Amino acid sequence: MCDSYQARLQRLKTPKKSQILANIQRGIEKEGLRVTPQATVAQTRHPQSLGSALTHGSITTDYSEALLEFITPVFPRVDDSIDYLSHLHSYTLRNIGAEYLWPASMPCRLEGDESIPIAQYGCSNTGQMKHVYRQGLAHRYGRIMQSIAGIHYNFSLPDAFWPICQTLWGSEGDLQVFKSERYFGLIRNFQRHSWLLSYLFGASPVLDSSFMDGKPHQLNQLSENTLGLPFATSLRMSDLGYQSKAQDSLNVSYSDLDSYLNSLSQAVSQSHPDYEKIGVKEDGKYRQLSTHLLQIENEYYSDIRPKRVMRSGEKSIEALRDRGVEYVEVRILDINPFLPVGIDAEQIRFLDAFLLYCLLSDSDEISAAESEEIRSNQQQVILEGRKPSLMLRQAGSPVAFSHMAKQLLDEIAAAARLLDQAHGSQHYHQALTAQLKKVENSELTPSGRMMGAIAEGASFAELMLAQAKKQQDYYAQQQRPDALNEEFKRLARESRQQQKELEASDQGSFDDFLQAYWSSGVVDARPKAA
(Lines give C-alpha, C1' and ligand atoms only; values in the text may rest on other atoms or scores of the structure.)
Protein backbone atom coordinates (compact mmCIF):
# COMPACT_ATOMS: atom_id res chain seq x y z
CA MET A 1 0.00 0.00 0.00
CA CYS A 2 1.35 3.41 -0.95
CA ASP A 3 2.95 5.23 2.01
CA SER A 4 1.60 8.62 0.93
CA TYR A 5 -1.95 7.22 0.75
CA GLN A 6 -1.58 5.77 4.24
CA ALA A 7 -0.12 9.01 5.56
CA ARG A 8 -3.04 11.03 4.17
CA LEU A 9 -5.54 8.63 5.71
CA GLN A 10 -3.75 8.85 9.05
CA ARG A 11 -3.92 12.65 9.04
CA LEU A 12 -7.66 12.51 8.32
CA LYS A 13 -8.42 10.24 11.28
CA THR A 14 -8.92 12.99 13.84
CA PRO A 15 -12.63 13.17 14.71
CA LYS A 16 -13.01 16.76 13.49
CA LYS A 17 -11.54 15.96 10.09
CA SER A 18 -13.08 12.53 9.55
CA GLN A 19 -16.59 13.75 10.38
CA ILE A 20 -16.45 16.04 7.35
CA LEU A 21 -16.54 12.89 5.21
CA ALA A 22 -20.01 12.12 6.54
CA ASN A 23 -21.18 14.88 4.18
CA ILE A 24 -20.08 13.35 0.88
CA GLN A 25 -22.51 14.59 -1.77
CA ARG A 26 -24.10 12.12 -4.19
CA GLY A 27 -26.74 12.05 -6.87
CA ILE A 28 -28.02 9.21 -9.06
CA GLU A 29 -29.28 9.21 -12.64
CA LYS A 30 -30.99 5.96 -13.59
CA GLU A 31 -32.38 5.04 -17.02
CA GLY A 32 -34.99 2.43 -17.85
CA LEU A 33 -37.10 1.48 -20.86
CA ARG A 34 -40.88 1.47 -20.76
CA VAL A 35 -41.93 -1.87 -22.26
CA THR A 36 -45.13 -3.65 -23.25
CA PRO A 37 -46.43 -6.87 -21.66
CA GLN A 38 -44.84 -8.63 -24.66
CA ALA A 39 -41.38 -7.32 -23.69
CA THR A 40 -41.14 -4.91 -26.63
CA VAL A 41 -40.36 -1.19 -26.57
CA ALA A 42 -43.42 0.91 -25.69
CA GLN A 43 -44.55 3.07 -28.62
CA THR A 44 -46.63 5.41 -26.48
CA ARG A 45 -45.67 9.02 -25.85
CA HIS A 46 -44.09 10.09 -22.57
CA PRO A 47 -47.08 10.06 -20.17
CA GLN A 48 -48.52 13.50 -19.44
CA SER A 49 -49.02 12.45 -15.81
CA LEU A 50 -45.24 12.24 -15.43
CA GLY A 51 -44.83 15.84 -16.51
CA SER A 52 -42.74 17.44 -19.23
CA ALA A 53 -39.61 15.51 -20.18
CA LEU A 54 -38.09 18.87 -21.16
CA THR A 55 -38.47 20.74 -17.89
CA HIS A 56 -39.09 18.18 -15.12
CA GLY A 57 -36.12 18.02 -12.74
CA SER A 58 -36.47 14.37 -11.74
CA ILE A 59 -38.38 12.47 -14.46
CA THR A 60 -37.21 12.93 -18.03
CA THR A 61 -36.20 10.84 -21.04
CA ASP A 62 -32.79 9.98 -22.39
CA TYR A 63 -32.44 8.95 -26.05
CA SER A 64 -35.82 7.39 -26.71
CA GLU A 65 -39.34 8.53 -25.92
CA ALA A 66 -39.59 5.19 -24.10
CA LEU A 67 -36.24 5.49 -22.26
CA LEU A 68 -37.08 7.11 -18.95
CA GLU A 69 -34.41 8.79 -16.86
CA PHE A 70 -34.81 9.33 -13.12
CA ILE A 71 -32.65 12.00 -11.48
CA THR A 72 -32.34 12.33 -7.72
CA PRO A 73 -31.44 15.55 -5.92
CA VAL A 74 -28.00 15.69 -4.31
CA PHE A 75 -28.04 14.02 -0.89
CA PRO A 76 -25.42 13.58 1.86
CA ARG A 77 -27.24 10.50 3.21
CA VAL A 78 -27.06 7.24 1.24
CA ASP A 79 -30.52 6.07 2.29
CA ASP A 80 -32.08 9.34 1.11
CA SER A 81 -30.74 8.72 -2.41
CA ILE A 82 -32.20 5.22 -2.54
CA ASP A 83 -35.51 6.32 -1.00
CA TYR A 84 -35.99 9.14 -3.50
CA LEU A 85 -35.18 6.85 -6.41
CA SER A 86 -37.66 4.34 -5.01
CA HIS A 87 -40.35 7.05 -4.80
CA LEU A 88 -39.73 7.95 -8.46
CA HIS A 89 -40.14 4.32 -9.49
CA SER A 90 -43.31 3.91 -7.46
CA TYR A 91 -44.96 7.07 -8.82
CA THR A 92 -43.99 6.25 -12.40
CA LEU A 93 -45.25 2.67 -12.30
CA ARG A 94 -48.61 3.97 -11.13
CA ASN A 95 -48.77 6.27 -14.13
CA ILE A 96 -47.75 4.13 -17.13
CA GLY A 97 -50.82 1.96 -17.44
CA ALA A 98 -50.18 -1.64 -18.46
CA GLU A 99 -46.51 -1.01 -19.26
CA TYR A 100 -43.51 -2.11 -17.21
CA LEU A 101 -40.09 -0.69 -16.44
CA TRP A 102 -37.42 -2.90 -17.98
CA PRO A 103 -35.05 -3.85 -15.13
CA ALA A 104 -31.87 -4.49 -17.16
CA SER A 105 -29.28 -2.44 -19.00
CA MET A 106 -29.50 -4.39 -22.25
CA PRO A 107 -32.85 -3.78 -23.96
CA CYS A 108 -35.94 -5.91 -24.41
CA ARG A 109 -37.00 -7.52 -27.70
CA LEU A 110 -36.34 -5.11 -30.54
CA GLU A 111 -37.80 -4.95 -34.02
CA GLY A 112 -35.05 -2.98 -35.70
CA ASP A 113 -34.08 0.68 -35.45
CA GLU A 114 -37.55 1.97 -36.21
CA SER A 115 -39.00 0.23 -33.15
CA ILE A 116 -37.12 2.71 -30.92
CA PRO A 117 -38.93 6.08 -31.04
CA ILE A 118 -36.69 9.13 -30.67
CA ALA A 119 -37.58 11.36 -27.73
CA GLN A 120 -39.77 14.41 -28.37
CA TYR A 121 -39.50 17.63 -26.36
CA GLY A 122 -42.06 19.96 -27.91
CA CYS A 123 -41.75 22.89 -30.30
CA SER A 124 -39.50 25.24 -28.33
CA ASN A 125 -36.06 25.88 -29.75
CA THR A 126 -34.50 24.10 -26.78
CA GLY A 127 -36.79 21.12 -27.26
CA GLN A 128 -36.02 20.98 -30.98
CA MET A 129 -32.30 21.05 -30.24
CA LYS A 130 -32.58 18.07 -27.91
CA HIS A 131 -34.56 16.16 -30.55
CA VAL A 132 -32.22 17.00 -33.44
CA TYR A 133 -29.22 15.95 -31.33
CA ARG A 134 -30.85 12.54 -30.93
CA GLN A 135 -31.61 12.38 -34.65
CA GLY A 136 -27.90 12.88 -35.16
CA LEU A 137 -27.10 10.00 -32.82
CA ALA A 138 -29.48 7.79 -34.83
CA HIS A 139 -27.74 8.63 -38.11
CA ARG A 140 -24.28 8.24 -36.61
CA TYR A 141 -24.63 5.12 -34.48
CA GLY A 142 -28.09 3.68 -35.02
CA ARG A 143 -30.97 3.71 -32.57
CA ILE A 144 -30.33 0.21 -31.24
CA MET A 145 -27.12 1.25 -29.52
CA GLN A 146 -29.01 4.12 -27.89
CA SER A 147 -31.59 1.76 -26.35
CA ILE A 148 -29.07 0.59 -23.74
CA ALA A 149 -29.68 1.86 -20.21
CA GLY A 150 -27.35 2.45 -17.27
CA ILE A 151 -26.82 4.19 -13.96
CA HIS A 152 -24.71 7.31 -13.51
CA TYR A 153 -23.33 8.03 -10.04
CA ASN A 154 -22.41 11.63 -9.24
CA PHE A 155 -19.88 12.05 -6.41
CA SER A 156 -18.28 15.03 -4.73
CA LEU A 157 -16.50 15.80 -1.49
CA PRO A 158 -17.96 18.56 0.75
CA ASP A 159 -16.52 22.07 0.54
CA ALA A 160 -15.09 21.81 4.06
CA PHE A 161 -12.91 18.87 2.98
CA TRP A 162 -10.89 20.72 0.37
CA PRO A 163 -8.78 23.09 2.52
CA ILE A 164 -7.82 20.08 4.62
CA CYS A 165 -7.05 18.06 1.49
CA GLN A 166 -4.87 20.87 0.18
CA THR A 167 -2.71 20.69 3.31
CA LEU A 168 -2.36 16.91 2.84
CA TRP A 169 -0.67 17.58 -0.48
CA GLY A 170 1.31 20.53 0.86
CA SER A 171 -0.22 22.61 -1.91
CA GLU A 172 -0.66 26.36 -1.97
CA GLY A 173 -2.53 28.62 -4.34
CA ASP A 174 -6.06 28.74 -5.68
CA LEU A 175 -8.30 26.19 -3.97
CA GLN A 176 -10.53 25.56 -7.01
CA VAL A 177 -7.50 24.90 -9.20
CA PHE A 178 -6.34 22.38 -6.61
CA LYS A 179 -9.81 20.74 -6.51
CA SER A 180 -9.76 20.31 -10.27
CA GLU A 181 -6.27 18.79 -10.12
CA ARG A 182 -7.31 16.29 -7.49
CA TYR A 183 -10.51 15.33 -9.30
CA PHE A 184 -8.44 14.62 -12.39
CA GLY A 185 -6.14 12.53 -10.23
CA LEU A 186 -9.22 10.62 -9.06
CA ILE A 187 -10.29 10.12 -12.68
CA ARG A 188 -6.90 8.70 -13.71
CA ASN A 189 -6.95 6.26 -10.79
CA PHE A 190 -10.54 5.35 -11.60
CA GLN A 191 -9.44 4.45 -15.11
CA ARG A 192 -6.66 2.28 -13.67
CA HIS A 193 -8.98 0.35 -11.36
CA SER A 194 -12.45 0.44 -12.95
CA TRP A 195 -12.05 -3.17 -14.12
CA LEU A 196 -12.92 -4.10 -10.52
CA LEU A 197 -16.27 -2.29 -10.74
CA SER A 198 -17.08 -4.13 -13.99
CA TYR A 199 -16.53 -7.43 -12.21
CA LEU A 200 -18.37 -6.56 -8.99
CA PHE A 201 -21.37 -4.77 -10.53
CA GLY A 202 -21.51 -5.80 -14.18
CA ALA A 203 -24.97 -7.20 -14.87
CA SER A 204 -25.13 -7.65 -18.64
CA PRO A 205 -23.43 -10.93 -19.62
CA VAL A 206 -26.26 -11.74 -22.06
CA LEU A 207 -28.65 -9.96 -24.42
CA ASP A 208 -31.67 -10.64 -26.59
CA SER A 209 -30.63 -11.80 -30.06
CA SER A 210 -32.70 -9.01 -31.64
CA PHE A 211 -30.13 -6.51 -30.34
CA MET A 212 -27.61 -7.76 -32.92
CA ASP A 213 -30.15 -7.10 -35.71
CA GLY A 214 -28.51 -9.65 -38.01
CA LYS A 215 -24.98 -8.25 -37.56
CA PRO A 216 -22.02 -10.66 -37.23
CA HIS A 217 -20.83 -11.34 -33.69
CA GLN A 218 -18.74 -13.68 -31.54
CA LEU A 219 -21.41 -14.42 -28.93
CA ASN A 220 -22.66 -17.87 -27.97
CA GLN A 221 -26.29 -19.02 -28.25
CA LEU A 222 -27.12 -19.63 -24.58
CA SER A 223 -30.87 -20.21 -24.78
CA GLU A 224 -33.75 -19.31 -27.06
CA ASN A 225 -33.18 -15.81 -28.50
CA THR A 226 -30.42 -15.25 -25.95
CA LEU A 227 -26.79 -14.52 -26.80
CA GLY A 228 -23.86 -14.03 -24.46
CA LEU A 229 -20.46 -15.15 -23.28
CA PRO A 230 -20.03 -17.67 -20.46
CA PHE A 231 -17.76 -15.54 -18.26
CA ALA A 232 -18.80 -12.02 -19.39
CA THR A 233 -19.69 -9.35 -16.84
CA SER A 234 -20.85 -6.30 -18.82
CA LEU A 235 -21.51 -6.57 -22.55
CA ARG A 236 -23.00 -3.08 -22.22
CA MET A 237 -19.45 -1.75 -21.76
CA SER A 238 -17.97 -3.91 -24.53
CA ASP A 239 -17.62 -3.04 -28.20
CA LEU A 240 -21.17 -4.39 -28.64
CA GLY A 241 -22.51 -1.62 -26.41
CA TYR A 242 -21.63 2.04 -26.52
CA GLN A 243 -19.18 2.35 -29.38
CA SER A 244 -18.02 4.85 -31.96
CA LYS A 245 -15.33 4.17 -34.54
CA ALA A 246 -15.07 7.90 -35.18
CA GLN A 247 -14.40 8.53 -31.49
CA ASP A 248 -11.60 5.98 -31.49
CA SER A 249 -9.46 8.69 -33.08
CA LEU A 250 -10.33 11.12 -30.30
CA ASN A 251 -7.46 11.24 -27.81
CA VAL A 252 -9.01 12.99 -24.82
CA SER A 253 -6.36 13.92 -22.25
CA TYR A 254 -6.97 13.54 -18.52
CA SER A 255 -3.65 15.10 -17.53
CA ASP A 256 -5.34 18.29 -16.34
CA LEU A 257 -8.41 20.43 -16.90
CA ASP A 258 -6.94 22.55 -19.70
CA SER A 259 -5.77 19.51 -21.70
CA TYR A 260 -9.14 17.84 -21.27
CA LEU A 261 -11.08 20.90 -22.38
CA ASN A 262 -8.80 21.58 -25.33
CA SER A 263 -9.19 18.03 -26.67
CA LEU A 264 -12.99 18.15 -26.28
CA SER A 265 -13.20 21.62 -27.80
CA GLN A 266 -11.34 20.40 -30.85
CA ALA A 267 -13.77 17.48 -31.22
CA VAL A 268 -16.86 19.75 -31.18
CA SER A 269 -15.34 22.06 -33.78
CA GLN A 270 -13.63 19.58 -36.14
CA SER A 271 -15.70 18.24 -39.03
CA HIS A 272 -15.65 14.49 -39.71
CA PRO A 273 -15.90 13.03 -43.25
CA ASP A 274 -18.47 10.37 -42.32
CA TYR A 275 -20.73 12.96 -40.75
CA GLU A 276 -20.30 15.33 -43.69
CA LYS A 277 -21.86 12.58 -45.82
CA ILE A 278 -24.91 12.53 -43.52
CA GLY A 279 -25.31 16.28 -43.91
CA VAL A 280 -26.86 18.70 -41.46
CA LYS A 281 -30.14 19.08 -43.38
CA GLU A 282 -32.10 17.19 -45.98
CA ASP A 283 -35.17 18.67 -47.67
CA GLY A 284 -35.11 21.47 -45.10
CA LYS A 285 -35.20 19.10 -42.11
CA TYR A 286 -32.32 18.71 -39.66
CA ARG A 287 -30.54 15.37 -39.61
CA GLN A 288 -27.98 16.34 -36.95
CA LEU A 289 -26.74 19.46 -35.18
CA SER A 290 -23.43 19.58 -37.04
CA THR A 291 -20.92 17.49 -38.99
CA HIS A 292 -18.38 17.74 -36.17
CA LEU A 293 -16.79 14.72 -34.53
CA LEU A 294 -19.03 15.52 -31.56
CA GLN A 295 -22.29 17.42 -31.96
CA ILE A 296 -22.00 18.52 -28.32
CA GLU A 297 -19.62 17.54 -25.53
CA ASN A 298 -21.97 14.95 -24.03
CA GLU A 299 -21.71 12.82 -27.16
CA TYR A 300 -18.26 11.73 -26.01
CA TYR A 301 -18.59 8.23 -24.54
CA SER A 302 -16.50 7.90 -21.39
CA ASP A 303 -16.50 5.78 -18.24
CA ILE A 304 -16.21 8.83 -16.00
CA ARG A 305 -16.53 12.58 -16.56
CA PRO A 306 -15.45 15.72 -14.70
CA LYS A 307 -18.55 17.85 -14.20
CA ARG A 308 -19.80 21.27 -13.08
CA VAL A 309 -23.43 22.30 -12.63
CA MET A 310 -24.27 24.50 -15.61
CA ARG A 311 -25.95 27.85 -15.48
CA SER A 312 -28.86 28.72 -17.76
CA GLY A 313 -27.88 28.17 -21.39
CA GLU A 314 -24.25 27.43 -20.57
CA LYS A 315 -22.17 24.74 -22.30
CA SER A 316 -20.50 22.14 -20.07
CA ILE A 317 -17.08 23.05 -21.49
CA GLU A 318 -17.63 26.69 -20.52
CA ALA A 319 -18.81 25.80 -17.02
CA LEU A 320 -15.68 23.72 -16.41
CA ARG A 321 -13.35 26.28 -17.93
CA ASP A 322 -14.82 29.20 -15.96
CA ARG A 323 -15.37 27.55 -12.56
CA GLY A 324 -13.47 24.25 -12.50
CA VAL A 325 -14.50 20.71 -11.60
CA GLU A 326 -17.29 20.38 -9.03
CA TYR A 327 -17.93 16.63 -9.06
CA VAL A 328 -17.34 13.45 -11.08
CA GLU A 329 -19.94 11.38 -12.92
CA VAL A 330 -19.31 7.62 -12.89
CA ARG A 331 -20.90 6.14 -16.01
CA ILE A 332 -19.70 2.52 -15.92
CA LEU A 333 -22.52 1.04 -13.85
CA ASP A 334 -25.01 -1.51 -15.18
CA ILE A 335 -28.53 -1.68 -13.78
CA ASN A 336 -28.75 -4.59 -11.36
CA PRO A 337 -32.04 -6.30 -12.32
CA PHE A 338 -32.20 -8.11 -8.98
CA LEU A 339 -32.58 -4.84 -7.04
CA PRO A 340 -35.80 -2.77 -7.00
CA VAL A 341 -34.10 0.42 -8.26
CA GLY A 342 -31.07 -1.19 -9.89
CA ILE A 343 -28.62 -0.10 -7.17
CA ASP A 344 -28.59 -0.33 -3.38
CA ALA A 345 -26.99 1.31 -0.35
CA GLU A 346 -24.27 -1.34 -0.12
CA GLN A 347 -23.11 -0.62 -3.65
CA ILE A 348 -23.16 3.13 -3.05
CA ARG A 349 -21.04 2.78 0.07
CA PHE A 350 -18.49 0.70 -1.76
CA LEU A 351 -18.40 3.29 -4.57
CA ASP A 352 -17.77 6.00 -1.99
CA ALA A 353 -14.83 4.08 -0.53
CA PHE A 354 -13.51 3.23 -4.00
CA LEU A 355 -13.66 6.86 -5.15
CA LEU A 356 -12.12 8.17 -1.92
CA TYR A 357 -9.27 5.71 -2.41
CA CYS A 358 -8.83 6.98 -5.98
CA LEU A 359 -8.77 10.57 -4.72
CA LEU A 360 -6.30 10.11 -1.87
CA SER A 361 -3.85 7.88 -3.74
CA ASP A 362 -0.98 9.19 -5.83
CA SER A 363 -1.98 9.50 -9.48
CA ASP A 364 0.77 9.96 -12.04
CA GLU A 365 -0.10 10.79 -15.62
CA ILE A 366 -1.01 7.78 -17.73
CA SER A 367 1.60 6.81 -20.31
CA ALA A 368 0.77 5.29 -23.69
CA ALA A 369 1.90 1.87 -22.45
CA GLU A 370 -0.20 2.11 -19.28
CA SER A 371 -3.19 3.32 -21.30
CA GLU A 372 -3.00 0.16 -23.40
CA GLU A 373 -2.70 -1.97 -20.26
CA ILE A 374 -5.75 -0.24 -18.76
CA ARG A 375 -7.82 -0.92 -21.87
CA SER A 376 -6.67 -4.55 -21.98
CA ASN A 377 -7.60 -5.16 -18.33
CA GLN A 378 -10.99 -3.52 -18.80
CA GLN A 379 -11.85 -5.58 -21.86
CA GLN A 380 -10.61 -8.80 -20.27
CA VAL A 381 -12.88 -8.34 -17.26
CA ILE A 382 -15.83 -7.17 -19.36
CA LEU A 383 -15.67 -10.23 -21.64
CA GLU A 384 -14.42 -12.96 -19.28
CA GLY A 385 -14.21 -11.51 -15.78
CA ARG A 386 -15.60 -14.62 -14.08
CA LYS A 387 -13.16 -17.00 -15.79
CA PRO A 388 -11.36 -18.84 -12.96
CA SER A 389 -7.96 -18.68 -14.66
CA LEU A 390 -8.22 -15.03 -15.73
CA MET A 391 -4.93 -13.12 -15.79
CA LEU A 392 -4.61 -9.34 -15.92
CA ARG A 393 -1.54 -7.17 -16.33
CA GLN A 394 0.09 -5.07 -13.65
CA ALA A 395 3.05 -2.86 -14.59
CA GLY A 396 3.57 -5.02 -17.66
CA SER A 397 3.54 -8.37 -15.85
CA PRO A 398 0.76 -11.00 -15.80
CA VAL A 399 -1.02 -11.29 -12.45
CA ALA A 400 -3.98 -13.47 -11.45
CA PHE A 401 -7.25 -11.54 -11.38
CA SER A 402 -8.14 -12.75 -7.89
CA HIS A 403 -4.78 -11.59 -6.51
CA MET A 404 -5.11 -8.13 -8.08
CA ALA A 405 -8.70 -7.78 -6.91
CA LYS A 406 -7.94 -8.77 -3.31
CA GLN A 407 -4.90 -6.50 -3.26
CA LEU A 408 -6.99 -3.55 -4.45
CA LEU A 409 -9.82 -4.31 -2.01
CA ASP A 410 -7.28 -4.39 0.82
CA GLU A 411 -6.17 -0.86 -0.11
CA ILE A 412 -9.77 0.37 -0.42
CA ALA A 413 -10.51 -1.12 3.02
CA ALA A 414 -8.45 1.64 4.65
CA ALA A 415 -10.72 4.27 3.05
CA ALA A 416 -13.78 2.27 4.15
CA ARG A 417 -12.55 2.29 7.77
CA LEU A 418 -12.18 6.08 7.63
CA LEU A 419 -15.74 6.43 6.30
CA ASP A 420 -17.06 4.14 9.05
CA GLN A 421 -15.30 6.36 11.59
CA ALA A 422 -16.99 9.39 10.03
CA HIS A 423 -20.44 7.77 10.24
CA GLY A 424 -19.97 5.86 13.49
CA SER A 425 -20.99 2.64 11.78
CA GLN A 426 -19.74 -0.59 10.22
CA HIS A 427 -21.70 -0.13 6.98
CA TYR A 428 -18.65 0.56 4.82
CA HIS A 429 -16.76 -2.42 6.22
CA GLN A 430 -19.80 -4.59 5.51
CA ALA A 431 -20.00 -3.27 1.95
CA LEU A 432 -16.34 -4.08 1.38
CA THR A 433 -16.72 -7.56 2.87
CA ALA A 434 -19.60 -8.25 0.47
CA GLN A 435 -17.37 -7.39 -2.49
CA LEU A 436 -14.59 -9.66 -1.24
CA LYS A 437 -17.09 -12.53 -1.16
CA LYS A 438 -17.87 -11.84 -4.84
CA VAL A 439 -14.17 -12.11 -5.70
CA GLU A 440 -14.03 -15.44 -3.87
CA ASN A 441 -17.24 -16.69 -5.49
CA SER A 442 -18.16 -15.26 -8.88
CA GLU A 443 -21.69 -16.72 -8.69
CA LEU A 444 -22.52 -13.95 -6.19
CA THR A 445 -21.93 -11.20 -8.77
CA PRO A 446 -24.94 -9.82 -10.68
CA SER A 447 -23.54 -11.29 -13.91
CA GLY A 448 -23.06 -14.65 -12.18
CA ARG A 449 -26.62 -14.60 -10.90
CA MET A 450 -27.89 -13.73 -14.38
CA MET A 451 -25.95 -16.59 -15.96
CA GLY A 452 -27.22 -18.98 -13.29
CA ALA A 453 -30.81 -18.14 -14.20
CA ILE A 454 -30.12 -18.43 -17.93
CA ALA A 455 -28.50 -21.82 -17.37
CA GLU A 456 -31.84 -23.06 -16.04
CA GLY A 457 -33.31 -22.56 -19.52
CA ALA A 458 -34.97 -19.15 -19.38
CA SER A 459 -34.42 -16.67 -22.17
CA PHE A 460 -33.08 -13.21 -21.30
CA ALA A 461 -36.35 -11.52 -22.33
CA GLU A 462 -38.49 -13.97 -20.33
CA LEU A 463 -36.28 -13.66 -17.28
CA MET A 464 -36.27 -9.86 -17.32
CA LEU A 465 -40.01 -9.57 -18.04
CA ALA A 466 -40.71 -11.80 -15.03
CA GLN A 467 -38.39 -9.59 -12.97
CA ALA A 468 -40.17 -6.46 -14.22
CA LYS A 469 -43.50 -7.90 -13.09
CA LYS A 470 -42.03 -8.74 -9.67
CA GLN A 471 -40.84 -5.18 -9.27
CA GLN A 472 -44.23 -3.87 -10.39
CA ASP A 473 -45.87 -6.00 -7.69
CA TYR A 474 -43.29 -4.89 -5.13
CA TYR A 475 -44.10 -1.22 -5.67
CA ALA A 476 -47.84 -1.85 -5.81
CA GLN A 477 -47.57 -3.16 -2.25
CA GLN A 478 -45.49 -0.25 -0.99
CA GLN A 479 -47.37 2.38 0.97
CA ARG A 480 -46.34 5.87 -0.19
CA PRO A 481 -47.36 8.98 1.78
CA ASP A 482 -50.21 10.89 0.14
CA ALA A 483 -48.21 14.09 0.56
CA LEU A 484 -45.39 12.65 -1.50
CA ASN A 485 -47.77 11.57 -4.25
CA GLU A 486 -49.27 15.06 -4.31
CA GLU A 487 -45.80 16.55 -4.48
CA PHE A 488 -44.94 14.54 -7.60
CA LYS A 489 -48.29 15.55 -9.14
CA ARG A 490 -47.41 19.19 -8.45
CA LEU A 491 -43.95 18.83 -10.01
CA ALA A 492 -45.48 17.22 -13.11
CA ARG A 493 -48.07 19.99 -13.41
CA GLU A 494 -45.50 22.76 -12.97
CA SER A 495 -43.13 21.20 -15.49
CA ARG A 496 -45.87 21.12 -18.13
CA GLN A 497 -46.57 24.79 -17.46
CA GLN A 498 -42.86 25.62 -17.70
CA GLN A 499 -42.69 23.98 -21.11
CA LYS A 500 -45.67 26.02 -22.32
CA GLU A 501 -44.06 29.23 -21.08
CA LEU A 502 -40.78 28.35 -22.76
CA GLU A 503 -42.51 27.67 -26.06
CA ALA A 504 -44.47 30.92 -25.82
CA SER A 505 -41.37 32.98 -25.01
CA ASP A 506 -39.24 31.79 -27.94
CA GLN A 507 -38.15 34.53 -30.31
CA GLY A 508 -36.63 33.79 -33.68
CA SER A 509 -36.33 30.62 -35.73
CA PHE A 510 -34.57 27.42 -34.76
CA ASP A 511 -31.91 28.25 -37.36
CA ASP A 512 -31.20 31.53 -35.56
CA PHE A 513 -31.24 29.78 -32.18
CA LEU A 514 -28.70 27.20 -33.32
CA GLN A 515 -26.48 29.85 -34.89
CA ALA A 516 -26.50 31.77 -31.60
CA TYR A 517 -25.58 28.59 -29.75
CA TRP A 518 -22.57 27.93 -31.97
CA SER A 519 -21.37 31.53 -32.01
CA SER A 520 -21.71 32.43 -28.33
CA GLY A 521 -22.55 29.26 -26.45
CA VAL A 522 -24.99 31.18 -24.25
CA VAL A 523 -28.60 31.11 -25.37
CA ASP A 524 -31.96 31.66 -23.75
CA ALA A 525 -32.52 28.04 -22.80
CA ARG A 526 -33.39 26.98 -19.28
CA PRO A 527 -32.91 23.20 -19.62
CA LYS A 528 -29.61 21.63 -20.65
CA ALA A 529 -29.19 21.22 -24.39
CA ALA A 530 -28.03 17.62 -24.04
# chains A, B, ... in the order shown; residues from 1 in each chain; ligands from 1
>>> closest_atom_pairs(of="stretch 360-434 of chain A", to="stretch 63-81 of chain A", cutoff="12 Å", atoms="only C-alpha atoms", output="JSON lines")
{"residue": "A:His423", "atom": "CA", "partner": "A:Arg77", "partner_atom": "CA", "distance": 10.2}
{"residue": "A:His427", "atom": "CA", "partner": "A:Val78", "partner_atom": "CA", "distance": 10.8}
{"residue": "A:Tyr428", "atom": "CA", "partner": "A:Val78", "partner_atom": "CA", "distance": 11.3}
>>> residues_around(residues="stretch 328-333 of chain A", least_positions_apart="6", cutoff="7 Å", atoms="only C-alpha atoms", output="CSV table (one decimal) with N, CA and C atoms, in the first residue's frame")
chain,number,residue,atom,x,y,z
A,150,GLY,N,-28.4,2.6,-18.3
A,150,GLY,CA,-27.4,2.5,-17.3
A,150,GLY,C,-27.7,3.3,-16.1
A,151,ILE,N,-26.7,3.3,-15.1
A,151,ILE,CA,-26.8,4.2,-14.0
A,151,ILE,C,-25.6,5.1,-13.9
A,152,HIS,N,-25.8,6.4,-13.7
A,152,HIS,CA,-24.7,7.3,-13.5
A,152,HIS,C,-24.7,7.7,-12.0
A,153,TYR,N,-23.5,7.7,-11.5
A,153,TYR,CA,-23.3,8.0,-10.0
A,153,TYR,C,-22.5,9.3,-9.9
A,154,ASN,N,-23.1,10.4,-9.4
A,154,ASN,CA,-22.4,11.6,-9.2
A,154,ASN,C,-21.9,11.8,-7.8
A,155,PHE,N,-20.6,12.1,-7.7
A,155,PHE,CA,-19.9,12.1,-6.4
A,155,PHE,C,-19.0,13.3,-6.2
A,156,SER,N,-19.2,13.9,-5.0
A,156,SER,CA,-18.3,15.0,-4.7
A,156,SER,C,-18.0,15.1,-3.2
A,201,PHE,N,-20.0,-5.3,-10.3
A,201,PHE,CA,-21.4,-4.8,-10.5
A,201,PHE,C,-21.9,-5.0,-12.0
A,202,GLY,N,-21.0,-5.5,-12.8
A,202,GLY,CA,-21.5,-5.8,-14.2
A,202,GLY,C,-22.7,-6.7,-14.1
A,303,ASP,N,-16.1,6.5,-19.4
A,303,ASP,CA,-16.5,5.8,-18.2
A,303,ASP,C,-16.8,6.7,-17.1
A,304,ILE,N,-16.1,7.9,-17.1
A,304,ILE,CA,-16.2,8.8,-16.0
A,304,ILE,C,-16.0,10.2,-16.6
A,305,ARG,N,-16.7,11.2,-16.1
A,305,ARG,CA,-16.5,12.6,-16.6
A,305,ARG,C,-16.3,13.6,-15.4
A,306,PRO,N,-15.5,14.6,-15.6
A,306,PRO,CA,-15.5,15.7,-14.7
A,306,PRO,C,-16.7,16.6,-15.0
A,307,LYS,N,-17.3,17.1,-14.0
A,307,LYS,CA,-18.5,17.9,-14.2
A,307,LYS,C,-18.6,19.1,-13.3
>>> residues_around(residues="A:Leu50", least_positions_apart="3", cutoff="12 Å", atoms="only C-alpha atoms", output="count of residues only")
36
>>> select_by_dssp(residues="stretch 112-340 of chain A", states="helix (DSSP H, G or I)", output="ChimeraX atom specification")
/A:113-115,125-141,145-147,161-168,175-201,209-212,235-237,246-249,257-267,273-278,297-299,316-323
>>> select_by_dssp(residues="stretch 269-354 of chain A", states="strand (DSSP E or B)", output="ChimeraX atom specification")
/A:271,281-282,285-286,292,304-307,327-333
